[in-house]
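Peer 1: So here's model-v1.txt (compact mmCIF, C-alpha atoms).
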# COMPACT_ATOMS: atom_id res chain seq x y z
CA MET A 1 0.00 0.00 0.00
CA CYS A 2 1.23 3.49 -0.88
CA PHE A 3 0.36 5.94 1.89
CA ASN A 4 1.29 9.19 3.58
CA TRP A 5 3.48 8.78 6.67
CA PRO A 6 1.31 9.61 9.71
CA ALA A 7 1.53 12.84 11.67
CA ASP A 8 4.24 11.87 14.15
CA SER A 9 7.39 9.93 13.47
CA LEU A 10 10.32 8.46 15.30
CA LYS A 11 13.41 10.64 14.98
CA THR A 12 15.12 7.48 13.74
CA MET A 13 13.68 8.41 10.35
CA TRP A 14 16.37 11.10 10.23
CA GLY A 15 19.16 9.03 11.76
CA ASP A 16 18.50 9.81 15.44
CA THR A 17 18.76 6.70 17.63
CA SER A 18 17.35 8.24 20.82
CA GLY A 19 13.95 6.59 20.38
CA GLU A 20 12.22 9.95 20.80
CA PHE A 21 9.39 11.25 18.63
CA THR A 22 9.17 14.38 16.54
CA TYR A 23 5.82 15.94 15.77
CA LYS A 24 4.73 17.61 12.57
CA PRO A 25 1.41 18.97 11.19
CA VAL A 26 -1.02 16.28 10.04
CA ASP A 27 -1.01 17.77 6.52
CA LYS A 28 2.80 17.49 6.32
CA LYS A 29 2.92 13.97 4.98
CA THR A 30 5.66 11.81 3.50
CA ASN A 31 4.96 9.11 0.89
CA TYR A 32 5.87 5.55 1.85
CA VAL A 33 5.13 1.98 0.73
CA LYS A 34 4.57 -0.81 3.27
CA ARG A 35 2.65 -4.08 3.29
CA CYS A 36 -0.95 -3.77 4.51
CA VAL A 37 -1.04 -6.47 7.18
CA ALA A 38 -4.44 -5.74 8.76
CA ILE A 39 -7.50 -3.79 7.65
CA ALA A 40 -10.25 -2.02 9.58
CA GLY A 41 -12.08 -4.39 11.93
CA ASP A 42 -9.23 -6.89 12.24
CA THR A 43 -7.65 -7.90 15.54
CA LEU A 44 -3.90 -8.24 15.13
CA GLU A 45 -1.31 -10.04 17.23
CA ILE A 46 2.39 -10.69 16.65
CA ARG A 47 3.95 -13.77 18.25
CA ASN A 48 7.70 -14.27 17.88
CA GLY A 49 7.63 -12.26 14.66
CA THR A 50 4.67 -14.09 13.11
CA VAL A 51 1.50 -12.07 12.45
CA TYR A 52 -1.90 -13.46 13.48
CA LEU A 53 -5.17 -11.93 12.31
CA ASN A 54 -8.34 -12.69 14.23
CA GLY A 55 -6.56 -15.61 15.87
CA LYS A 56 -5.28 -17.17 12.63
CA LYS A 57 -1.74 -17.13 11.25
CA ASN A 58 -1.41 -14.61 8.43
CA ILE A 59 -0.58 -16.34 5.13
CA LEU A 60 1.59 -14.12 2.95
CA PRO A 61 1.70 -14.17 -0.88
CA TYR A 62 4.50 -15.99 -2.69
CA ARG A 63 6.35 -12.79 -3.56
CA ALA A 64 6.63 -11.64 0.05
CA LYS A 65 10.24 -11.92 1.21
CA ILE A 66 9.97 -11.40 4.96
CA GLN A 67 13.31 -10.85 6.67
CA PHE A 68 14.42 -11.11 10.29
CA LYS A 69 17.76 -10.70 11.96
CA HIS A 70 19.37 -14.05 12.79
CA ILE A 71 22.46 -15.10 14.69
CA ILE A 72 24.64 -17.58 12.82
CA TYR A 73 26.80 -19.70 15.14
CA SER A 74 29.91 -21.68 14.17
CA SER A 75 32.62 -23.05 16.46
CA LYS A 76 35.00 -22.87 13.47
CA GLY A 77 34.40 -19.15 13.06
CA ILE A 78 32.46 -17.34 10.36
CA SER A 79 34.40 -15.27 7.84
CA THR A 80 32.95 -12.39 5.84
CA ASN A 81 33.55 -14.38 2.66
CA LYS A 82 31.34 -17.14 4.07
CA ILE A 83 28.51 -14.65 4.72
CA LEU A 84 28.93 -13.07 1.28
CA ARG A 85 28.27 -16.44 -0.34
CA TYR A 86 24.72 -16.16 0.96
CA THR A 87 23.93 -12.47 1.31
CA GLY A 88 25.57 -9.21 0.31
CA LYS A 89 24.08 -6.80 2.81
CA GLU A 90 22.81 -6.19 6.33
CA PHE A 91 25.22 -8.27 8.36
CA GLU A 92 27.54 -7.33 11.19
CA ARG A 93 31.31 -7.13 10.79
CA LYS A 94 33.81 -6.88 13.63
CA PHE A 95 37.16 -5.07 13.48
CA THR A 96 40.02 -3.99 15.70
CA ILE A 97 41.10 -0.39 15.24
CA THR A 98 43.79 1.86 16.67
CA PHE A 99 42.57 5.46 16.77
CA LYS A 100 45.13 8.14 15.95
CA ASN A 101 43.16 11.16 17.17
CA GLN A 102 39.80 12.36 18.51
CA GLU A 103 38.54 13.52 15.12
CA GLU A 104 38.99 10.05 13.65
CA TYR A 105 37.26 8.51 16.66
CA GLN A 106 34.22 10.82 16.49
CA SER A 107 33.79 10.26 12.75
CA ILE A 108 33.93 6.47 13.00
CA VAL A 109 31.72 5.90 16.06
CA ARG A 110 28.73 7.23 14.07
CA HIS A 111 28.83 4.08 11.97
CA ILE A 112 29.26 1.38 14.62
CA THR A 113 26.96 -0.52 16.98
CA SER A 114 29.45 -1.47 19.71
CA LEU A 115 32.92 -0.44 20.90
CA ASN A 116 35.12 -2.23 23.45
CA LEU A 117 38.57 -1.22 24.66
CA VAL A 118 41.34 -3.76 24.02
CA GLN A 119 44.31 -1.76 25.25
CA GLY A 120 45.71 1.75 24.86
CA ASN A 121 44.08 3.34 21.80
CA THR A 122 43.10 -0.03 20.32
CA TYR A 123 39.43 -1.02 20.33
CA GLU A 124 37.23 -3.80 19.01
CA LEU A 125 34.14 -2.54 17.23
CA THR A 126 31.10 -3.86 15.39
CA THR A 127 29.41 -2.24 12.40
CA ASN A 128 26.35 -3.17 10.35
CA SER A 129 26.90 -0.26 7.97
CA TYR A 130 30.13 -1.36 6.33
CA ASP A 131 30.02 0.86 3.23
CA ASN A 132 29.71 4.04 5.29
CA PHE A 133 32.24 2.72 7.82
CA LYS A 134 34.76 1.94 5.06
CA LYS A 135 34.34 5.38 3.51
CA VAL A 136 35.38 7.00 6.80
CA THR A 137 38.21 4.58 7.56
CA ASP A 138 39.59 5.11 4.05
CA GLN A 139 39.41 8.86 4.59
CA TYR A 140 41.49 8.63 7.79
CA ARG A 141 43.63 5.72 6.58
CA SER A 142 42.62 3.95 9.76
CA GLU A 143 44.54 0.98 11.11
CA ILE A 144 41.83 -1.70 11.03
CA THR A 145 41.87 -5.49 11.00
CA GLU A 146 38.75 -7.62 10.50
CA VAL A 147 38.07 -10.18 13.21
CA LYS A 148 36.74 -13.66 12.44
CA THR A 149 34.06 -14.45 15.03
CA ASN A 150 32.06 -17.47 16.14
CA LYS A 151 28.75 -15.72 15.57
CA ARG A 152 27.31 -13.21 13.12
CA VAL A 153 24.13 -11.17 13.24
CA THR A 154 22.70 -11.25 9.72
CA ASN A 155 19.42 -10.18 8.14
CA LEU A 156 17.88 -13.18 6.37
CA THR A 157 14.68 -14.44 4.83
CA LEU A 158 13.37 -17.60 6.47
CA SER A 159 14.22 -19.65 3.37
CA LEU A 160 17.80 -18.36 3.30
CA ALA A 161 18.17 -19.04 7.03
CA GLU A 162 17.09 -22.62 6.39
CA LYS A 163 19.63 -22.94 3.57
CA ILE A 164 22.46 -21.72 5.82
CA ARG A 165 21.44 -24.22 8.52
CA LYS A 166 22.39 -26.98 6.07
CA ASP A 167 25.94 -25.63 5.72
CA SER A 168 28.32 -28.16 7.28
CA GLU A 169 30.44 -25.37 8.82
CA VAL A 170 27.46 -23.80 10.60
CA ASP A 171 26.36 -25.06 14.02
CA SER A 172 23.01 -23.24 14.20
CA VAL A 173 21.00 -20.29 12.92
CA VAL A 174 18.69 -18.63 15.46
CA GLN A 175 16.08 -15.99 14.69
CA ILE A 176 16.38 -13.00 17.02
CA VAL A 177 13.34 -12.16 19.14
CA HIS A 178 13.58 -8.67 20.58
CA GLU A 179 12.84 -7.73 24.17
CA ALA A 180 10.15 -5.29 25.30
CA ASP A 181 10.58 -1.76 23.99
CA ASN A 182 8.70 1.36 25.11
CA ALA A 183 9.00 2.75 21.56
CA ILE A 184 6.36 0.22 20.47
CA PHE A 185 2.85 1.65 19.96
CA PRO A 186 0.97 2.72 22.05
CA HIS A 187 4.07 3.26 24.23
CA ILE A 188 2.68 1.73 27.42
CA ALA A 189 5.54 0.26 29.46
CA SER A 190 3.30 -2.20 31.31
CA ASN A 191 2.33 -3.87 27.99
CA GLN A 192 5.85 -5.27 27.68
CA TRP A 193 5.40 -5.28 23.90
CA SER A 194 8.22 -5.57 21.38
CA GLN A 195 8.54 -5.49 17.60
CA ASP A 196 8.29 -9.30 17.66
CA ASN A 197 5.61 -9.79 20.32
CA MET A 198 2.63 -7.46 20.69
CA GLY A 199 -1.13 -7.41 20.82
CA PRO A 200 -3.85 -8.36 20.47
CA ILE A 201 -4.78 -4.93 19.15
CA TYR A 202 -8.01 -3.91 17.38
CA VAL A 203 -7.73 -1.97 14.11
CA PRO A 204 -10.48 0.72 14.17
CA LYS A 205 -13.33 0.52 11.67
CA LYS A 206 -15.58 3.37 10.50
CA GLY A 207 -18.87 3.49 12.42
CA VAL A 208 -17.71 1.19 15.23
CA THR A 209 -18.13 2.56 18.76
CA VAL A 210 -15.65 1.66 21.49
CA THR A 211 -15.53 2.39 25.20
CA ILE A 212 -12.75 4.83 26.08
CA ASN A 213 -11.09 5.27 29.45
CA SER A 214 -7.70 6.24 30.85
CA ALA A 215 -6.41 2.69 30.31
CA ASN A 216 -7.14 2.36 26.58
CA LEU A 217 -6.99 6.03 25.55
CA PRO A 218 -3.34 5.76 24.39
CA TYR A 219 -4.56 3.45 21.59
CA TYR A 220 -7.05 6.00 20.27
CA ARG A 221 -5.75 9.42 21.35
CA GLN A 222 -3.95 10.12 18.08
CA ILE A 223 -7.06 9.12 16.13
CA ILE A 224 -9.40 11.33 18.14
CA GLU A 225 -7.16 14.39 18.22
CA LEU A 226 -5.09 14.38 15.04
CA TYR A 227 -6.81 12.24 12.43
CA GLU A 228 -10.43 13.11 13.26
CA ASN A 229 -9.86 16.69 14.45
CA ASN A 230 -11.48 16.64 17.89
CA ASN A 231 -10.61 18.69 20.96
CA LEU A 232 -9.57 16.12 23.56
CA VAL A 233 -9.05 17.00 27.22
CA VAL A 234 -8.13 14.53 29.97
CA ASN A 235 -8.66 15.51 33.61
CA ASN A 236 -7.50 12.68 35.86
CA GLU A 237 -9.91 9.83 34.98
CA ASP A 238 -12.36 12.07 33.12
CA ILE A 239 -12.24 12.41 29.32
CA TYR A 240 -13.80 15.31 27.42
CA ILE A 241 -14.26 15.44 23.64
CA ASN A 242 -15.22 18.81 22.18
CA GLY A 243 -16.15 20.00 25.67
CA LYS A 244 -18.44 17.07 26.51
CA SER A 245 -17.78 14.20 28.90
CA ALA A 246 -17.09 11.04 26.91
CA THR A 247 -17.01 7.34 27.78
CA GLU A 248 -17.41 6.14 24.17
CA TYR A 249 -16.08 7.10 20.77
CA THR A 250 -17.29 6.28 17.24
CA PHE A 251 -14.62 6.15 14.54
CA GLN A 252 -15.21 8.43 11.57
CA GLN A 253 -13.03 6.53 9.07
CA ASP A 254 -11.28 3.20 8.54
CA TYR A 255 -7.73 2.51 9.68
CA TYR A 256 -4.99 0.13 8.56
CA TRP A 257 -1.94 -1.59 10.04
CA LEU A 258 1.13 -1.47 7.81
CA MET A 259 4.47 -3.26 8.24
CA GLY A 260 7.67 -3.50 6.23
CA ASP A 261 8.84 -6.90 4.97
CA ASN A 262 12.26 -6.21 6.50
CA ARG A 263 10.76 -6.77 9.94
CA HIS A 264 13.81 -5.88 12.04
CA ASN A 265 14.72 -2.81 10.03
CA SER A 266 11.42 -1.05 9.43
CA LEU A 267 9.66 1.91 11.01
CA ASP A 268 5.99 1.05 10.64
CA SER A 269 2.69 0.67 12.50
CA ARG A 270 4.44 -1.17 15.32
CA TYR A 271 5.98 2.18 16.22
CA TRP A 272 3.49 4.85 15.12
CA GLY A 273 0.20 2.98 15.14
CA PHE A 274 -2.75 3.09 12.76
CA VAL A 275 -2.79 4.64 9.29
CA PRO A 276 -6.07 6.48 8.53
CA PHE A 277 -7.94 5.98 5.26
CA ASP A 278 -7.43 9.61 4.23
CA HIS A 279 -3.66 8.98 4.26
CA VAL A 280 -3.94 6.10 1.77
CA LEU A 281 -2.84 6.92 -1.78
CA GLY A 282 -3.38 3.56 -3.45
CA LYS A 283 -1.73 0.30 -4.41
CA PRO A 284 1.67 0.32 -6.14
CA VAL A 285 1.64 -1.57 -9.45
CA MET A 286 5.21 -1.20 -10.72
CA VAL A 287 8.73 -0.52 -9.48
CA TRP A 288 10.30 1.78 -12.06
CA PHE A 289 13.65 2.26 -10.32
CA SER A 290 15.52 0.80 -7.35
CA TRP A 291 18.93 1.38 -5.76
CA ASP A 292 20.56 1.42 -2.34
CA ALA A 293 19.75 4.90 -1.02
CA ASP A 294 22.14 4.34 1.90
CA ALA A 295 25.19 3.85 -0.33
CA PRO A 296 27.87 6.34 0.80
CA THR A 297 28.74 7.93 -2.57
CA LEU A 298 27.03 8.66 -5.88
CA MET A 299 29.24 6.10 -7.62
CA ALA A 300 28.32 3.50 -4.98
CA LYS A 301 24.63 4.33 -5.53
CA ILE A 302 25.02 3.86 -9.29
CA LYS A 303 26.74 0.51 -8.74
CA SER A 304 23.90 -0.52 -6.41
CA ILE A 305 21.17 -0.07 -9.04
CA ARG A 306 18.95 -3.16 -8.94
CA TRP A 307 18.46 -3.68 -12.67
CA ASP A 308 16.33 -6.78 -12.12
CA ARG A 309 13.76 -4.69 -10.23
CA MET A 310 13.41 -1.88 -12.76
CA PHE A 311 9.94 -1.74 -14.35
CA THR A 312 8.91 -4.80 -12.36
CA THR A 313 5.28 -5.53 -11.52
CA VAL A 314 4.37 -5.48 -7.83
CA GLY A 315 1.21 -7.59 -7.67
CA GLY A 316 0.41 -11.03 -8.99
CA GLU A 317 1.53 -14.57 -8.29
CA GLY A 318 4.83 -16.26 -9.08
CA GLU A 319 8.14 -14.54 -9.74
CA PRO A 320 8.08 -10.76 -10.44
CA VAL A 321 8.00 -9.84 -14.13
CA SER A 322 10.28 -7.06 -15.39
CA TYR A 323 9.39 -5.06 -18.50
CA ARG A 324 12.64 -3.08 -18.55
CA TYR A 325 13.71 -4.41 -21.95
CA VAL A 326 10.36 -3.47 -23.44
CA VAL A 327 10.63 0.03 -21.97
CA PHE A 328 14.25 0.43 -23.13
CA ALA A 329 13.26 -0.76 -26.62
CA LEU A 330 10.43 1.80 -26.76
CA ILE A 331 12.79 4.57 -25.66
CA ILE A 332 15.36 3.60 -28.31
CA ALA A 333 12.61 3.36 -30.94
CA TYR A 334 11.31 6.82 -29.99
CA ILE A 335 14.80 8.35 -30.19
CA GLY A 336 15.38 6.64 -33.54
CA TYR A 337 12.05 7.93 -34.85
CA GLN A 338 12.87 11.49 -33.79
CA ILE A 339 16.27 11.32 -35.53
CA PHE A 340 14.65 9.90 -38.70
CA LYS A 341 11.94 12.57 -38.61
CA LYS A 342 14.51 15.35 -38.23
CA LYS A 343 16.63 14.10 -41.14
CA LYS A 344 13.55 13.71 -43.34
CA THR A 345 12.53 17.30 -42.59
CA GLU A 346 16.01 18.55 -43.50
Kindly return the structure encoded in the file as structure tokens.
Peer 2:
Amino acid sequence: MCFNWPADSLKTMWGDTSGEFTYKPVDKKTNYVKRCVAIAGDTLEIRNGTVYLNGKKNILPYRAKIQFKHIIYSSKGISTNKILRYTGKEFERKFTITFKNQEEYQSIVRHITSLNLVQGNTYELTTNSYDNFKKVTDQYRSEITEVKTNKRVTNLTLSLAEKIRKDSEVDSVVQIVHEADNAIFPHIASNQWSQDNMGPIYVPKKGVTVTINSANLPYYRQIIELYENNNLVVNNEDIYINGKSATEYTFQQDYYWLMGDNRHNSLDSRYWGFVPFDHVLGKPVMVWFSWDADAPTLMAKIKSIRWDRMFTTVGGEGEPVSYRYVVFALIIAYIGYQIFKKKKTE
């Protein structure tokens, strides 16, 4: 589903890892595409990363490539070359580094996930953003050495994880299940919800009336105030909507629950809640261009162009179909026609 990013967003959207929110006007929207997991009237629950709708396991279409972070264990050690045989991105790499000065240190720590002192100015660090990390270390000509470890955190589809399990040099592959996180919607600490375990949660449907109280108001507050433009006041246990005492609320539009297929690297409804119908733009039908937007340089971005995804259909069954050669042929034919037409005129 193509939609407008809801009114409030995690600062992580702009690279901030504090977990805090930033607020913007409801009409200041950003276009995004995520999978519509639940529609209005559904009750959703996530158990160990698996989505359940109305008590039944959600069956995804063939083209869905759901990914989760996994830990690959091997007593023999796991080299980067071993990982690259299976996947070319989103895996952790560990290095030792000897910092020469504070400037080098401050530039590099932006691109790492952990840092441990070995001795003196030498540290062991972990990065899951190698391209950006390498750009900085090349700039400072840093003294780095990659470390072969007995475990690697890697982002994998379930089918690829199963394939790696069959590798004779691998002891086990374990899907990561995250602990409770207060950043998870509706940000109630006592829920003990995480991106892998949450719910059940009801997705609001137009015309349905629900009881509201201080306990469940966090689920609906954003809807009442921002998306349906009501004046909401809470005084201890009392709730007032447009100046009147309220114990019930009737939804004025349908809502949806959207999630990214890259489940452990996606800001979606698990963090900012429901998407209102008036934010929905439609259903994407074709991918016309795709590259790695996080590549550190323009040349790296050009090299990362995913040619097999260009002009590829989004819906349907079976493998995606690309019409890039047809489009390229039409472009060449048009250019040829224009040249022929110009020469004929002359």
Peer 1: State, in Å with one decimal place, the distance from CA of Gly318 (chain A) to CA of His264 (chain A).
Peer 2: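 We find that CA of Gly318 (chain A) and CA of His264 (chain A) lie 25.2 Å from each other.
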Peer 1: Within 7 Å of (37.0, -6.3, 11.9) in the file's own coordinates, which protein, DNA or RNA residues have an atom, counting all atoms listed in the file? List them as an mmCIF file with C-alpha atoms, keeping the file's coordinate frame.
Peer 2:
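Generated file (selection_3.cif):
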data_model
loop_
_atom_site.group_PDB
_atom_site.id
_atom_site.type_symbol
_atom_site.label_atom_id
_atom_site.label_comp_id
_atom_site.auth_asym_id
_atom_site.auth_seq_id
_atom_site.Cartn_x
_atom_site.Cartn_y
_atom_site.Cartn_z
ATOM 1 C CA ARG A 93 31.310 -7.130 10.790
ATOM 2 C CA LYS A 94 33.810 -6.880 13.630
ATOM 3 C CA PHE A 95 37.160 -5.070 13.480
ATOM 4 C CA THR A 96 40.020 -3.990 15.700
ATOM 5 C CA ILE A 144 41.830 -1.700 11.030
ATOM 6 C CA THR A 145 41.870 -5.490 11.000
ATOM 7 C CA GLU A 146 38.750 -7.620 10.500
ATOM 8 C CA VAL A 147 38.070 -10.180 13.210
#
Peer 1: Could you list, as a PyMOL selection string, every residue within 10 Å of Pro61 (chain A), counting all atoms listed in the file and ignoring same-chain residues fewer than 6 positions away?
Peer 2: chain A and resi 315-318
Peer 1: Would you mind listing, for every residue of region 111-185 of chain A within 10 Å of region 276-295 of chain A, the two atoms forming the shortest contact and the distance between them in Å to one decimal, using all atoms listed in the file, sorted by chain and ascending residue number, as CSV?
Peer 2:
residue,atom,partner,partner_atom,distance
A:Ser129,CA,A:Asp294,CA,9.0
A:Tyr130,CA,A:Ala295,CA,9.8
A:Asp131,CA,A:Ala295,CA,6.7
A:Asn132,CA,A:Ala295,CA,7.2
Peer 1: Keeping only C-alpha atoms, write the selected residues as a PDB file, in the frame of the given file.
Peer 2:
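out_38.pdb, freshly written:
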ATOM      1  CA  SER A 129      26.900  -0.260   7.970  1.00  0.00           C
ATOM      2  CA  TYR A 130      30.130  -1.360   6.330  1.00  0.00           C
ATOM      3  CA  ASP A 131      30.020   0.860   3.230  1.00  0.00           C
ATOM      4  CA  ASN A 132      29.710   4.040   5.290  1.00  0.00           C
TER       5      ASN A 132
END
Peer 1: Between A:Trp5, A:Trp257, A:Tyr227, A:Trp307, single out the one closest to Val51 (chain A), counting only C-alpha atoms.
Peer 2: A:Trp257
Peer 1: Report the distance between CA of Ile239 (chain A) and CA of Asn216 (chain A) in Å, rounded to one decimal place.
Peer 2: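 Separating CA of Ile239 (chain A) from CA of Asn216 (chain A) is a distance of 11.6 Å.
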Peer 1: Contacts of region 62-75 of chain A at 10 Å or less, counting all atoms listed in the file, minus same-chain residues fewer than 6 places along, as an MDAnalysis selection string?
Peer 2: chainID A and resid 35 49 83 90:92 149:161 164:165 168:178 196 260:265 314:320
Peer 1: Quick one: residues within 8 Å of region 39-44 of chain A, only C-alpha atoms counted, chain neighbours fewer than 2 positions away excluded, as a list of chain:residue names?
Peer 2: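 My list of contacting residues is A:Cys36, A:Val37, A:Ile46, A:Val51, A:Tyr52, A:Leu53, A:Asn54, A:Gly55, A:Gly199, A:Pro200, A:Ile201, A:Tyr202, A:Val203, A:Pro204, A:Lys205, A:Lys206, A:Asp254, A:Tyr255, A:Tyr256, A:Trp257.
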Peer 1: N, CA and C atoms are what I want for region 255-284 of chain A; can you complete it accordingly and write them as a PDB file, in the coordinates of the input?
Peer 2:
ATOM      1  N   TYR A 255      -9.170   2.444   9.407  1.00  0.00           N
ATOM      2  CA  TYR A 255      -7.730   2.510   9.680  1.00  0.00           C
ATOM      3  C   TYR A 255      -7.062   1.209   9.242  1.00  0.00           C
ATOM      4  N   TYR A 256      -5.751   1.276   9.063  1.00  0.00           N
ATOM      5  CA  TYR A 256      -4.990   0.130   8.560  1.00  0.00           C
ATOM      6  C   TYR A 256      -3.716  -0.051   9.375  1.00  0.00           C
ATOM      7  N   TRP A 257      -3.191  -1.267   9.330  1.00  0.00           N
ATOM      8  CA  TRP A 257      -1.940  -1.590  10.040  1.00  0.00           C
ATOM      9  C   TRP A 257      -0.925  -2.018   8.984  1.00  0.00           C
ATOM     10  N   LEU A 258       0.143  -1.245   8.857  1.00  0.00           N
ATOM     11  CA  LEU A 258       1.130  -1.470   7.810  1.00  0.00           C
ATOM     12  C   LEU A 258       2.482  -1.862   8.411  1.00  0.00           C
ATOM     13  N   MET A 259       3.156  -2.806   7.772  1.00  0.00           N
ATOM     14  CA  MET A 259       4.470  -3.260   8.240  1.00  0.00           C
ATOM     15  C   MET A 259       5.394  -3.504   7.058  1.00  0.00           C
ATOM     16  N   GLY A 260       6.675  -3.223   7.257  1.00  0.00           N
ATOM     17  CA  GLY A 260       7.670  -3.500   6.230  1.00  0.00           C
ATOM     18  C   GLY A 260       8.047  -4.967   6.223  1.00  0.00           C
ATOM     19  N   ASP A 261       8.428  -5.494   5.065  1.00  0.00           N
ATOM     20  CA  ASP A 261       8.840  -6.900   4.970  1.00  0.00           C
ATOM     21  C   ASP A 261      10.177  -7.145   5.661  1.00  0.00           C
ATOM     22  N   ASN A 262      11.003  -6.110   5.768  1.00  0.00           N
ATOM     23  CA  ASN A 262      12.260  -6.210   6.500  1.00  0.00           C
ATOM     24  C   ASN A 262      11.944  -5.946   7.973  1.00  0.00           C
ATOM     25  N   ARG A 263      11.426  -6.948   8.656  1.00  0.00           N
ATOM     26  CA  ARG A 263      10.760  -6.770   9.940  1.00  0.00           C
ATOM     27  C   ARG A 263      11.632  -6.184  11.048  1.00  0.00           C
ATOM     28  N   HIS A 264      12.933  -6.408  10.996  1.00  0.00           N
ATOM     29  CA  HIS A 264      13.810  -5.880  12.040  1.00  0.00           C
ATOM     30  C   HIS A 264      14.539  -4.618  11.609  1.00  0.00           C
ATOM     31  N   ASN A 265      14.117  -4.055  10.496  1.00  0.00           N
ATOM     32  CA  ASN A 265      14.720  -2.810  10.030  1.00  0.00           C
ATOM     33  C   ASN A 265      13.651  -1.978   9.323  1.00  0.00           C
ATOM     34  N   SER A 266      12.547  -1.763  10.029  1.00  0.00           N
ATOM     35  CA  SER A 266      11.420  -1.050   9.430  1.00  0.00           C
ATOM     36  C   SER A 266      10.688  -0.228  10.476  1.00  0.00           C
ATOM     37  N   LEU A 267      10.529   1.069  10.197  1.00  0.00           N
ATOM     38  CA  LEU A 267       9.660   1.910  11.010  1.00  0.00           C
ATOM     39  C   LEU A 267       8.263   1.807  10.409  1.00  0.00           C
ATOM     40  N   ASP A 268       7.313   1.291  11.176  1.00  0.00           N
ATOM     41  CA  ASP A 268       5.990   1.050  10.640  1.00  0.00           C
ATOM     42  C   ASP A 268       4.949   1.144  11.749  1.00  0.00           C
ATOM     43  N   SER A 269       3.783   0.540  11.536  1.00  0.00           N
ATOM     44  CA  SER A 269       2.690   0.670  12.500  1.00  0.00           C
ATOM     45  C   SER A 269       3.044   0.164  13.888  1.00  0.00           C
ATOM     46  N   ARG A 270       4.024  -0.700  14.003  1.00  0.00           N
ATOM     47  CA  ARG A 270       4.440  -1.170  15.320  1.00  0.00           C
ATOM     48  C   ARG A 270       4.972  -0.017  16.168  1.00  0.00           C
ATOM     49  N   TYR A 271       5.412   1.043  15.504  1.00  0.00           N
ATOM     50  CA  TYR A 271       5.980   2.180  16.220  1.00  0.00           C
ATOM     51  C   TYR A 271       5.044   3.389  16.239  1.00  0.00           C
ATOM     52  N   TRP A 272       4.346   3.666  15.126  1.00  0.00           N
ATOM     53  CA  TRP A 272       3.490   4.850  15.120  1.00  0.00           C
ATOM     54  C   TRP A 272       2.006   4.552  14.983  1.00  0.00           C
ATOM     55  N   GLY A 273       1.619   3.302  15.035  1.00  0.00           N
ATOM     56  CA  GLY A 273       0.200   2.980  15.140  1.00  0.00           C
ATOM     57  C   GLY A 273      -0.548   2.916  13.815  1.00  0.00           C
ATOM     58  N   PHE A 274      -1.830   3.266  13.882  1.00  0.00           N
ATOM     59  CA  PHE A 274      -2.750   3.090  12.760  1.00  0.00           C
ATOM     60  C   PHE A 274      -2.542   4.136  11.666  1.00  0.00           C
ATOM     61  N   VAL A 275      -2.821   3.719  10.421  1.00  0.00           N
ATOM     62  CA  VAL A 275      -2.790   4.640   9.290  1.00  0.00           C
ATOM     63  C   VAL A 275      -4.238   4.901   8.865  1.00  0.00           C
ATOM     64  N   PRO A 276      -4.684   6.167   8.892  1.00  0.00           N
ATOM     65  CA  PRO A 276      -6.070   6.480   8.530  1.00  0.00           C
ATOM     66  C   PRO A 276      -6.314   6.389   7.027  1.00  0.00           C
ATOM     67  N   PHE A 277      -7.568   6.142   6.667  1.00  0.00           N
ATOM     68  CA  PHE A 277      -7.940   5.980   5.260  1.00  0.00           C
ATOM     69  C   PHE A 277      -7.570   7.210   4.437  1.00  0.00           C
ATOM     70  N   ASP A 278      -7.710   8.414   5.017  1.00  0.00           N
ATOM     71  CA  ASP A 278      -7.430   9.610   4.230  1.00  0.00           C
ATOM     72  C   ASP A 278      -5.932   9.834   4.000  1.00  0.00           C
ATOM     73  N   HIS A 279      -5.094   8.941   4.554  1.00  0.00           N
ATOM     74  CA  HIS A 279      -3.660   8.980   4.260  1.00  0.00           C
ATOM     75  C   HIS A 279      -3.283   7.998   3.146  1.00  0.00           C
ATOM     76  N   VAL A 280      -4.224   7.137   2.772  1.00  0.00           N
ATOM     77  CA  VAL A 280      -3.940   6.100   1.770  1.00  0.00           C
ATOM     78  C   VAL A 280      -3.965   6.706   0.373  1.00  0.00           C
ATOM     79  N   LEU A 281      -2.926   6.418  -0.416  1.00  0.00           N
ATOM     80  CA  LEU A 281      -2.840   6.920  -1.780  1.00  0.00           C
ATOM     81  C   LEU A 281      -3.283   5.881  -2.800  1.00  0.00           C
ATOM     82  N   GLY A 282      -2.996   4.610  -2.519  1.00  0.00           N
ATOM     83  CA  GLY A 282      -3.380   3.560  -3.450  1.00  0.00           C
ATOM     84  C   GLY A 282      -2.462   2.365  -3.353  1.00  0.00           C
ATOM     85  N   LYS A 283      -2.532   1.516  -4.360  1.00  0.00           N
ATOM     86  CA  LYS A 283      -1.730   0.300  -4.410  1.00  0.00           C
ATOM     87  C   LYS A 283      -0.648   0.446  -5.477  1.00  0.00           C
ATOM     88  N   PRO A 284       0.616   0.240  -5.125  1.00  0.00           N
ATOM     89  CA  PRO A 284       1.670   0.320  -6.140  1.00  0.00           C
ATOM     90  C   PRO A 284       1.537  -0.822  -7.144  1.00  0.00           C
TER      91      PRO A 284
END
